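Enquirer: File entry_28.txt below, compact mmCIF, C-alpha atoms and all ligand atoms:
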# COMPACT_ATOMS: atom_id res chain seq x y z
CA MET A 166 18.67 92.71 115.09
CA GLY A 167 19.75 96.28 114.43
CA GLY A 168 18.12 98.08 111.54
CA ARG A 169 21.28 99.56 110.06
CA ARG A 170 22.56 96.39 108.45
CA LYS A 171 21.64 95.72 104.82
CA PHE A 172 20.14 92.24 104.66
CA ALA A 173 18.38 92.88 101.37
CA SER A 174 21.77 92.50 99.69
CA ALA A 175 22.85 89.54 101.84
CA SER A 176 24.68 86.93 99.80
CA ARG A 177 23.92 84.03 102.13
CA PRO A 178 20.90 82.81 104.14
CA PRO A 179 20.89 83.31 107.93
CA SER A 180 22.85 81.10 110.27
CA VAL A 181 21.47 77.74 111.32
CA TRP A 182 22.56 78.86 114.81
CA ASP A 183 19.79 81.49 114.75
CA VAL A 184 17.90 78.91 116.71
CA ASP A 185 14.52 80.62 117.15
CA HIS A 186 14.30 81.11 113.40
CA LEU A 187 15.36 77.51 112.77
CA ARG A 188 12.75 76.17 115.18
CA ARG A 189 9.97 78.21 113.54
CA GLU A 190 10.98 77.07 110.07
CA LEU A 191 11.09 73.41 111.08
CA GLU A 192 7.64 73.76 112.64
CA SER A 193 6.36 75.26 109.40
CA ILE A 194 7.31 72.08 107.50
CA ASP A 195 6.20 69.71 110.30
CA VAL A 196 9.68 68.55 111.24
CA ASP A 197 10.20 67.65 114.89
CA TRP A 198 12.54 70.05 116.72
CA ARG A 199 14.58 67.07 117.89
CA HIS A 200 15.99 66.88 114.34
CA GLY A 201 17.12 70.49 114.73
CA GLU A 202 18.80 69.65 118.03
CA ALA A 203 20.56 66.63 116.52
CA LEU A 204 21.85 68.76 113.64
CA LEU A 205 23.17 71.51 115.94
CA THR A 206 24.84 68.92 118.19
CA TYR A 207 26.61 67.47 115.16
CA LEU A 208 27.71 70.90 113.93
CA ALA A 209 28.96 71.93 117.39
CA HIS A 210 31.19 68.85 117.42
CA HIS A 211 32.41 69.39 113.85
CA PRO A 212 33.50 73.04 113.60
CA GLU A 213 35.40 72.16 110.43
CA VAL A 214 32.05 71.63 108.63
CA THR A 215 31.16 74.91 106.98
CA THR A 216 28.79 73.96 104.11
CA TRP A 217 25.79 71.67 103.67
CA ALA A 218 27.83 69.58 101.24
CA ASP A 219 30.23 68.74 104.09
CA VAL A 220 27.52 67.49 106.45
CA ASN A 221 27.58 63.75 107.03
CA TRP A 222 23.83 63.25 107.51
CA ALA A 223 24.32 59.60 108.44
CA ALA A 224 26.40 60.68 111.45
CA LEU A 225 23.50 62.58 113.03
CA LYS A 226 21.97 60.94 116.08
CA ARG A 227 18.49 60.86 114.47
CA ARG A 228 17.46 59.59 111.07
CA VAL A 229 16.84 62.70 109.02
CA PRO A 230 13.49 63.24 107.23
CA GLN A 231 14.06 63.07 103.49
CA LYS A 232 12.89 66.61 102.83
CA LEU A 233 15.11 68.21 105.48
CA PRO A 234 18.54 68.59 103.78
CA ALA A 235 17.17 70.34 100.67
CA PHE A 236 14.97 72.59 102.80
CA LEU A 237 17.84 73.61 105.05
CA GLU A 238 20.12 74.24 102.12
CA ASP A 239 17.69 76.85 100.77
CA ALA A 240 16.78 78.51 104.05
CA PHE A 241 19.93 78.47 106.21
CA SER A 242 23.72 78.59 106.12
CA VAL A 243 25.85 76.14 108.06
CA ARG A 244 28.25 79.09 108.32
CA SER A 245 26.74 82.45 107.42
CA THR A 246 30.04 84.19 108.15
CA ARG A 247 33.40 84.00 106.36
CA VAL A 248 36.94 84.55 107.57
CA ALA A 249 37.91 87.54 105.42
CA SER A 250 41.48 87.63 106.73
CA ARG A 251 43.64 86.09 109.42
CA HIS A 252 46.48 87.76 111.30
CA ASP A 253 48.86 85.81 113.57
CA SER A 254 51.11 87.52 116.07
CA LYS A 255 54.82 86.77 115.71
CA ASP A 256 54.96 85.05 119.10
CA GLY A 257 52.07 82.76 118.15
CA THR A 258 49.94 83.73 121.16
CA THR A 259 47.28 85.70 119.30
CA THR A 260 45.30 85.20 116.13
CA LYS A 261 42.95 87.91 115.02
CA VAL A 262 40.39 87.19 112.33
CA VAL A 263 38.29 89.66 110.40
CA VAL A 264 34.88 88.00 110.07
CA GLU A 265 32.67 88.96 107.14
CA LEU A 266 28.96 88.76 107.96
CA ARG A 267 26.42 87.75 105.34
CA ASP A 268 25.51 91.36 104.52
CA GLY A 269 29.18 92.23 103.94
CA ALA A 270 29.69 93.99 107.30
CA GLU A 271 32.89 93.03 109.11
CA VAL A 272 33.75 92.43 112.75
CA GLU A 273 36.78 91.12 114.58
CA ALA A 274 37.30 88.01 116.70
CA VAL A 275 40.48 87.12 118.54
CA VAL A 276 41.91 83.79 119.65
CA MET A 277 44.37 84.02 122.54
CA ARG A 278 46.62 81.26 123.84
CA HIS A 279 47.82 81.41 127.42
CA ALA A 280 50.55 78.99 128.40
CA THR A 281 50.12 77.53 131.89
CA LEU A 282 52.31 75.05 133.73
CA ARG A 283 50.33 72.10 132.44
CA SER A 284 48.71 73.19 129.19
CA THR A 285 47.70 76.07 126.99
CA ARG A 286 44.37 77.73 127.75
CA VAL A 287 42.61 79.17 124.76
CA THR A 288 40.17 82.05 124.93
CA CYS A 289 38.06 83.50 122.17
CA CYS A 290 37.07 87.15 122.27
CA VAL A 291 33.92 87.81 120.24
CA SER A 292 32.15 90.87 118.85
CA SER A 293 28.47 91.50 119.50
CA GLN A 294 27.84 94.54 117.29
CA VAL A 295 29.14 96.13 114.10
CA GLY A 296 30.75 99.30 115.48
CA CYS A 297 29.45 100.65 118.77
CA ALA A 298 27.26 103.50 119.96
CA MET A 299 29.14 104.06 123.20
CA ALA A 300 31.95 106.09 121.56
CA CYS A 301 34.57 105.54 124.27
CA SER A 302 37.29 108.03 123.42
CA PHE A 303 40.16 105.51 123.65
CA CYS A 304 38.56 102.85 121.44
CA ALA A 305 38.90 102.36 117.68
CA THR A 306 35.49 100.69 117.49
CA GLY A 307 33.90 103.67 119.23
CA THR A 308 34.88 105.88 116.30
CA MET A 309 32.80 103.76 113.89
CA GLY A 310 29.39 104.50 115.39
CA ASP A 311 26.60 101.95 115.76
CA ARG A 312 26.15 100.03 112.51
CA GLY A 313 23.93 97.22 113.78
CA ASP A 314 23.67 94.16 115.97
CA LEU A 315 24.93 90.64 115.40
CA SER A 316 22.45 87.78 115.55
CA ARG A 317 22.80 84.95 118.05
CA GLY A 318 24.06 82.72 115.25
CA GLU A 319 26.68 85.22 114.09
CA ILE A 320 28.06 85.34 117.62
CA VAL A 321 28.15 81.54 118.00
CA GLU A 322 29.85 81.21 114.61
CA GLN A 323 32.79 83.30 115.86
CA VAL A 324 33.36 80.66 118.56
CA LEU A 325 33.09 77.89 115.96
CA ILE A 326 35.70 79.69 113.86
CA ALA A 327 37.91 79.83 116.96
CA ARG A 328 37.33 76.11 117.58
CA SER A 329 38.29 75.32 113.98
CA LEU A 330 41.58 77.16 114.59
CA GLU A 331 42.04 75.92 118.17
CA PRO A 332 39.87 72.91 119.11
CA SER A 333 40.70 73.47 122.79
CA THR A 334 38.97 76.86 122.95
CA ARG A 335 37.20 76.72 126.31
CA ASN A 336 36.69 80.35 127.32
CA VAL A 337 34.70 83.10 125.65
CA VAL A 338 34.74 86.80 126.48
CA PHE A 339 32.42 89.39 124.98
CA MET A 340 35.08 92.08 124.79
CA GLY A 341 35.29 92.60 121.05
CA MET A 342 33.37 95.16 119.03
CA GLY A 343 30.17 96.50 120.54
CA GLU A 344 28.45 96.90 123.91
CA PRO A 345 27.01 93.40 124.53
CA LEU A 346 24.20 94.59 126.77
CA ASN A 347 22.93 96.84 123.96
CA ASN A 348 22.31 93.63 121.99
CA TYR A 349 20.92 91.79 124.98
CA ASP A 350 18.67 89.09 123.49
CA SER A 351 21.21 87.88 120.95
CA VAL A 352 24.04 87.90 123.49
CA VAL A 353 22.10 85.99 126.16
CA GLY A 354 20.80 83.59 123.51
CA ALA A 355 24.35 82.97 122.27
CA CYS A 356 25.62 82.47 125.84
CA ARG A 357 22.99 79.77 126.37
CA LEU A 358 24.10 77.89 123.27
CA LEU A 359 27.73 78.18 124.35
CA LEU A 360 26.92 76.85 127.83
CA ASP A 361 24.53 74.12 126.67
CA SER A 362 26.08 70.70 127.28
CA GLN A 363 24.54 69.46 124.00
CA TYR A 364 26.27 72.10 121.93
CA LEU A 365 29.43 74.08 122.74
CA ALA A 366 29.44 72.78 126.34
CA LEU A 367 31.45 75.57 127.97
CA ARG A 368 31.50 75.42 131.75
CA ALA A 369 29.69 77.98 133.92
CA GLY A 370 31.95 80.94 134.54
CA ARG A 371 33.88 80.38 131.29
CA VAL A 372 31.74 82.93 129.45
CA THR A 373 32.17 86.58 130.45
CA VAL A 374 30.17 89.56 129.22
CA SER A 375 31.77 92.98 129.50
CA THR A 376 29.76 96.18 129.81
CA VAL A 377 30.49 99.87 130.22
CA GLY A 378 27.47 99.95 132.53
CA VAL A 379 24.04 99.56 130.94
CA VAL A 380 22.29 99.83 134.29
CA GLU A 381 18.93 98.30 133.45
CA ARG A 382 20.49 95.19 131.91
CA ILE A 383 23.13 94.39 134.53
CA ARG A 384 20.73 93.08 137.16
CA GLN A 385 18.62 91.38 134.48
CA LEU A 386 21.64 89.41 133.27
CA GLY A 387 22.15 88.06 136.79
CA GLU A 388 18.50 86.96 136.85
CA ASP A 389 18.36 85.56 133.32
CA GLU A 390 21.72 83.81 133.09
CA PRO A 391 23.67 83.57 136.37
CA ARG A 392 26.19 81.17 134.80
CA VAL A 393 27.63 84.09 132.83
CA GLY A 394 30.41 86.19 134.39
CA LEU A 395 30.26 89.99 134.32
CA ALA A 396 33.09 92.42 133.64
CA LEU A 397 32.52 96.12 134.32
CA SER A 398 34.52 98.54 132.20
CA LEU A 399 34.93 101.32 134.76
CA HIS A 400 38.03 103.15 133.48
CA ALA A 401 37.68 106.14 135.84
CA PRO A 402 37.20 106.60 139.58
CA ASP A 403 34.54 109.34 139.46
CA GLN A 404 31.65 110.55 137.33
CA ALA A 405 33.37 113.62 135.85
CA LYS A 406 36.44 111.76 134.65
CA ARG A 407 34.33 108.87 133.44
CA GLU A 408 32.18 111.19 131.31
CA ALA A 409 35.31 112.81 129.88
CA ILE A 410 36.71 109.45 128.80
CA MET A 411 33.42 107.67 128.03
CA PRO A 412 30.61 109.92 126.75
CA ALA A 413 28.00 107.19 127.30
CA ALA A 414 28.62 107.49 131.04
CA ARG A 415 26.42 110.60 131.00
CA GLY A 416 23.40 108.31 130.71
CA HIS A 417 24.59 105.88 133.39
CA ARG A 418 25.73 107.58 136.62
CA ILE A 419 28.57 105.77 138.34
CA ASP A 420 26.71 105.24 141.63
CA ARG A 421 23.76 103.69 139.79
CA VAL A 422 26.10 101.45 137.79
CA LEU A 423 27.79 100.22 140.97
CA ASP A 424 24.42 99.68 142.68
CA ALA A 425 23.27 97.61 139.69
CA VAL A 426 26.44 95.50 139.90
CA ASP A 427 25.86 95.03 143.65
CA ALA A 428 22.36 93.73 142.83
CA HIS A 429 23.83 91.44 140.15
CA VAL A 430 26.34 90.06 142.66
CA ALA A 431 23.63 89.49 145.28
CA LEU A 432 21.77 87.32 142.78
CA ARG A 433 24.81 85.17 142.01
CA LEU A 434 26.29 84.91 145.52
CA PRO A 435 24.20 81.91 146.60
CA LEU A 436 25.09 80.06 143.40
CA ILE A 437 28.82 80.71 143.17
CA THR A 438 30.42 80.49 146.57
CA LYS A 439 34.10 80.97 145.75
CA GLY A 440 36.19 83.42 143.78
CA PRO A 441 35.54 86.83 142.26
CA LEU A 442 32.14 87.44 140.71
CA ILE A 443 32.96 90.73 139.04
CA MET A 444 35.97 91.76 137.03
CA VAL A 445 36.48 95.53 137.08
CA GLU A 446 38.36 96.61 133.98
CA TYR A 447 40.35 99.80 134.23
CA ILE A 448 42.26 100.96 131.19
CA LEU A 449 45.32 102.95 132.22
CA LEU A 450 45.64 106.00 129.96
CA GLY A 451 49.03 107.61 130.47
CA GLY A 452 48.63 110.96 132.24
CA CYS A 453 44.82 110.83 132.23
CA ASN A 454 43.54 108.37 134.81
CA ASP A 455 46.67 106.66 136.12
CA SER A 456 47.80 108.90 139.00
CA ASP A 457 48.14 107.82 142.61
CA ALA A 458 45.15 110.03 143.42
CA ASP A 459 43.11 108.13 140.81
CA ALA A 460 44.16 104.83 142.37
CA GLU A 461 43.19 106.04 145.85
CA ALA A 462 39.82 107.26 144.55
CA LEU A 463 39.25 103.93 142.80
CA GLY A 464 40.08 102.13 146.04
CA ASP A 465 37.54 104.31 147.91
CA LEU A 466 34.94 103.48 145.29
CA LEU A 467 35.43 99.71 145.29
CA GLU A 468 36.57 98.85 148.80
CA HIS A 469 33.10 98.00 150.12
CA ARG A 470 31.42 96.94 146.89
CA PHE A 471 30.38 93.64 145.33
CA ALA A 472 30.56 91.72 148.61
CA GLY A 473 34.35 91.81 148.23
CA ARG A 474 34.06 89.35 145.33
CA LEU A 475 35.84 91.40 142.68
CA MET A 476 39.08 91.52 140.81
CA VAL A 477 40.50 94.68 139.28
CA ASN A 478 42.15 94.17 135.92
CA LEU A 479 44.45 97.07 135.03
CA ILE A 480 44.94 97.37 131.29
CA PRO A 481 47.86 99.52 130.11
CA TYR A 482 46.54 101.26 126.99
CA ASN A 483 47.38 99.70 123.64
CA PRO A 484 47.92 102.88 121.54
CA THR A 485 45.65 103.37 118.52
CA PRO A 486 46.66 105.61 115.60
CA ASP A 487 44.71 108.91 115.58
CA LEU A 488 43.51 108.51 119.16
CA PRO A 489 45.09 110.85 121.68
CA TYR A 490 46.22 108.59 124.49
CA ASP A 491 49.59 107.24 125.57
CA ARG A 492 50.58 104.01 127.19
CA PRO A 493 51.58 104.45 130.85
CA THR A 494 55.04 103.33 131.92
CA GLU A 495 55.30 99.92 133.51
CA GLY A 496 56.37 101.58 136.76
CA ARG A 497 53.23 103.72 136.78
CA ALA A 498 51.01 100.69 136.24
CA ARG A 499 52.75 98.80 139.08
CA ALA A 500 52.44 101.81 141.43
CA PHE A 501 48.71 102.02 140.65
CA GLN A 502 48.37 98.31 141.31
CA ALA A 503 50.28 98.56 144.60
CA ILE A 504 47.84 101.15 145.96
CA LEU A 505 44.85 98.93 145.23
CA THR A 506 46.58 95.81 146.55
CA GLN A 507 47.44 97.65 149.74
CA ARG A 508 43.73 98.21 150.27
CA GLY A 509 43.13 94.49 150.07
CA LEU A 510 41.72 94.55 146.55
CA LEU A 511 42.65 91.70 144.26
CA CYS A 512 44.33 93.40 141.31
CA CYS A 513 46.37 92.35 138.29
CA VAL A 514 48.08 94.19 135.45
CA ARG A 515 47.48 92.54 132.14
CA VAL A 516 50.25 91.40 129.84
CA THR A 517 50.11 92.91 126.37
CA MET A 518 49.36 90.43 123.61
CA GLY A 519 48.70 90.85 119.93
CA SER A 520 49.96 94.39 119.49
CA ASP A 521 51.61 93.36 116.20
CA VAL A 522 48.20 92.25 114.85
CA ALA A 523 46.43 95.48 115.87
CA GLY A 524 45.21 93.54 118.88
CA ALA A 525 42.81 96.00 120.53
CA CYS A 526 39.14 96.00 119.65
CA GLY A 527 38.40 97.58 116.28
CA GLN A 528 42.00 98.54 115.53
CA LEU A 529 42.42 96.17 112.62
CA LEU A 530 39.25 97.24 110.81
CA LYS A 531 39.99 100.89 111.41
CA LYS A 532 43.50 100.40 110.02
CA LYS A 533 42.16 98.47 107.04
CA ARG A 534 39.40 100.87 106.08
CA GLY A 535 40.52 104.18 107.47
CA ALA A 536 37.15 104.08 109.21
CA VAL A 537 35.28 107.37 109.34
CA ASP A 538 34.87 108.88 112.79
CA ILE A 539 31.24 109.44 113.66
CA GLU A 540 32.00 113.03 114.62
CA ASP A 541 33.69 113.62 111.23
CA ALA A 542 30.75 112.05 109.42
CA ALA A 543 28.38 114.41 111.23
CA GLY A 544 30.53 117.37 110.28
CA GLY A 545 31.38 118.14 113.91
CA ALA A 546 34.71 118.43 115.64
CA PRO A 547 36.46 115.09 116.08
CA ALA A 548 35.93 114.94 119.83
CA ALA A 549 37.41 111.48 120.11
CA ARG A 550 40.76 112.85 118.97
CA ARG A 551 40.96 115.43 121.72
CA ARG A 552 42.47 114.56 125.04
CA PRO A 553 39.38 114.85 127.18
CA ALA A 554 40.63 113.42 130.40
CA ARG A 555 43.70 115.65 130.75
CA ALA A 556 41.52 118.51 131.91
CA VAL A 557 40.32 116.54 134.90
CA ALA A 558 43.47 114.53 135.53
CA ALA A 559 44.75 114.71 139.08
CA PRO A 560 48.25 116.10 139.77
CA ARG A 561 50.89 113.44 139.25
CA ALA A 562 53.58 114.53 141.73
CA ALA A 563 52.43 111.97 144.29
CA SER A 564 53.06 109.17 141.83
CA LEU A 565 56.82 109.51 142.38
CA SER A 566 56.60 108.31 145.98
CA PRO A 567 56.85 104.56 146.46
CA PRO A 568 53.67 103.03 147.89
CA PRO A 569 53.86 102.04 151.56
CA SER A 570 54.19 98.30 152.05
CA PRO A 571 50.96 96.48 152.68
CA SER A 572 50.32 95.29 156.19
CA ARG A 573 50.79 91.59 156.85
CA ALA A 574 47.05 91.09 157.33
CA ARG A 575 46.35 92.76 154.01
CA ARG A 576 49.01 90.72 152.25
CA GLU A 577 47.50 87.56 153.66
CA ARG A 578 44.00 88.62 152.67
CA THR A 579 45.16 89.29 149.12
CA ALA A 580 47.05 86.01 148.93
CA ALA A 581 43.96 84.15 150.13
CA ALA A 582 41.82 85.93 147.57
CA LEU A 583 44.31 85.10 144.83
CA ALA A 584 44.08 81.45 145.80
CA LEU A 585 40.34 81.59 145.28
CA VAL A 586 40.33 83.11 141.81
CA SER A 587 38.17 80.91 139.65
CA VAL A 588 39.93 79.57 136.59
CA GLY A 589 37.42 81.06 134.21
CA PHE A 590 37.72 84.53 135.65
CA ALA A 591 41.48 84.45 135.69
CA VAL A 592 41.42 83.45 132.06
CA ALA A 593 38.96 86.22 131.28
CA ALA A 594 41.31 88.71 132.91
CA ALA A 595 44.20 87.48 130.87
CA ALA A 596 42.03 87.49 127.80
CA THR A 597 41.62 91.22 127.90
CA ALA A 598 45.21 91.27 126.75
CA SER A 599 44.11 92.07 123.28
CA MET A 600 41.29 94.41 124.08
CA GLY A 601 41.33 98.14 123.99
S1 LIG B 1 35.30 100.19 124.53
FE1 LIG B 1 33.60 98.78 124.14
S2 LIG B 1 31.77 99.96 124.72
FE2 LIG B 1 33.44 101.47 124.45
S3 LIG B 1 33.25 102.12 122.28
FE3 LIG B 1 34.72 100.42 122.35
S4 LIG B 1 33.48 98.60 121.88
FE4 LIG B 1 32.06 100.23 122.51
As structure tokens, how would this structure be written, given the file I've shared?

Expert:
Amino acid sequence: MGGRRKFASASRPPSVWDVDHLRRELESIDVDWRHGEALLTYLAHHPEVTTWADVNWAALKRRVPQKLPAFLEDAFSVRSTRVASRHDSKDGTTTKVVVELRDGAEVEAVVMRHATLRSTRVTCCVSSQVGCAMACSFCATGTMGDRGDLSRGEIVEQVLIARSLEPSTRNVVFMGMGEPLNNYDSVVGACRLLLDSQYLALRAGRVTVSTVGVVERIRQLGEDEPRVGLALSLHAPDQAKREAIMPAARGHRIDRVLDAVDAHVALRLPLITKGPLIMVEYILLGGCNDSDADAEALGDLLEHRFAGRLMVNLIPYNPTPDLPYDRPTEGRARAFQAILTQRGLLCCVRVTMGSDVAGACGQLLKKKRGAVDIEDAAGGAPAARRRPARAVAAPRAASLSPPPSPSRARRERTAAALALVSVGFAVAAAATASMG
């Protein structure tokens, strides 16, 4: 766990979902771990239970040792986090909650409801860190700096909060606050609890981790937990533009990032035989990275990557106060999409959700607190408020020409690929609706 959080002043014990800690503590009092498993199974199926007083010990699958309830009450919290505030969008599709951690730090989680022909699919977007070190120039969270990591239990509790609001929550995306691969152990540990059939029982592919490209962890994730989907936040078609938009890209060259994703895909190919394995996220910043030339360059970059098992998710920017970017027009987003589709790439433009509840990552907390930019705190120029990508933006004249129609073969290839999109990945793409 990150060292910047202040646990000395924590008002509650750690989460019972911090499973390694729970197991050690039970060992220390000679209680069989199977009692721990039975307790967690019960809690996973009763997300409405938030205190020890609410636990129906008789309903647990195993008879509980007499000393266990009192011990747990002292050492652990059933729910170490609290919902500090709840914000529902007017159309009812999005609920954003500000989650207070036990040391008083706050993060955001979002519940999104997607109507389908037969039902409503519910996705929970979780945070993995308080703030974020990556400082992407379009992101409200990036202006907060890195304030510490969430524990495995704090991540799982966000999903339990979502389940208490929407019992049918079946998809989880790590696209909230923080770079998940910078908090690797807690994130992978949480994913395992979410996927475990004893506990949250999400299906393989229904959990997606998004990264800006932490090279050394991308391949490792494929080795350690191939049931987890990967989303790559690319956001620019070349190294120079990427660095201008995302300062952290200086430490992770684009070719090395793509090679790492190729290695990740190679590991998962034998296990998952249909549908996209990688979602490429590309935030469209009006006038910065949304020209036809950018789309062509992105097509060049991706055309022969990831064994063809990718989907590009274009995300029209959700404007954030004080940040210097504009939303592209709908026509511009569709023209960008058409160029990629013409190249045979599976590509969708997300639908905006939750803008009336400050839907993008970190926006609500920044609005609430007037969060201090890390550059301001350091006394430097507020770089995040400049318009870094304009300087390297390609000329836009070409964007006025309509894209040529795709060839029949390409149209057919794209239609076939669309038919193969796995449900979980499609939902993950839609889920980015509230992300920045
Ligand atoms: S977009 Fe993601 S990685 Fe970038 S600063 Fe925001 S939270 Fe961090």

Enquirer: Between A:Ile504, A:Leu488, A:Met340, A:Ala425, single out the one closest to Leu386 in chain A, counting all atoms listed in the file.

Expert: A:Ala425

Enquirer: What does the distance from CA of Gly310 in chain A to CA of Ala270 in chain A come to in Å, to one decimal?

Expert: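 Pair CA of Gly310 in chain A / CA of Ala270 in chain A returns 13.3 Å.
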
Enquirer: Could you tell me how far CA of Ala401 in chain A lies from CA of Val338 in chain A, in Å and to one decimal?

Expert: 21.7 Å

Enquirer: To box ligand LIG 1 (chain B), take all atoms listed in the file, fit an axis-aligned box, add 5 Å on each side, and give centre and edge lengths in Å to one decimal, as lines of an AutoDock Vina configuration file.

Expert:
center_x = 33.5
center_y = 100.4
center_z = 123.3
size_x = 13.5
size_y = 13.5
size_z = 12.8

Enquirer: Could you list, as a PyMOL selection string, all the residues within 6 Å of ligand LIG 1 (chain B), counting only C-alpha atoms and all ligand atoms?

Expert: chain A and resi 297+299-301+304+306-307+342-344+377

Enquirer: Just the number, please: distance in Å from CA of Thr288 in chain A to CA of Val324 in chain A, one decimal.

Expert: 9.4 Å

Enquirer: Of the residues A:Asn347, A:Phe339, A:Arg251, A:Gly440, which is the one nearest to Asp311 in chain A, using all atoms listed in the file?

Expert: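 Comparing A:Asn347, A:Phe339, A:Arg251, A:Gly440 against Asp311 in chain A, the winner is A:Asn347.
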
Enquirer: Can I get the residues of range 239-333 of chain A within 10 Å of range 360-365 of chain A, each with the closest pair of atoms and their distance in Å to one decimal, using only C-alpha atoms, sorted chain first then ascending number, as a Markdown table?

Expert:
| residue | atom | partner | partner_atom | distance |
| --- | --- | --- | --- | --- |
| A:Val321 | CA | A:Leu365 | CA | 8.9 |
| A:Val324 | CA | A:Leu365 | CA | 8.7 |
| A:Leu325 | CA | A:Leu365 | CA | 8.6 |
| A:Arg328 | CA | A:Leu365 | CA | 9.7 |

Enquirer: With C-alpha atoms retained, write the just-selected residues as a CSV table (one decimal), keeping the file's coordinate frame.

Expert:
chain,number,residue,atom,x,y,z
A,321,VAL,CA,28.2,81.5,118.0
A,324,VAL,CA,33.4,80.7,118.6
A,325,LEU,CA,33.1,77.9,116.0
A,328,ARG,CA,37.3,76.1,117.6

Enquirer: With all atoms listed in the file as the basis for distance, which of A:Asn454, A:Ser351, A:Thr438, A:Thr206 is at the shortest distance from Tyr490 in chain A?

Expert: A:Asn454
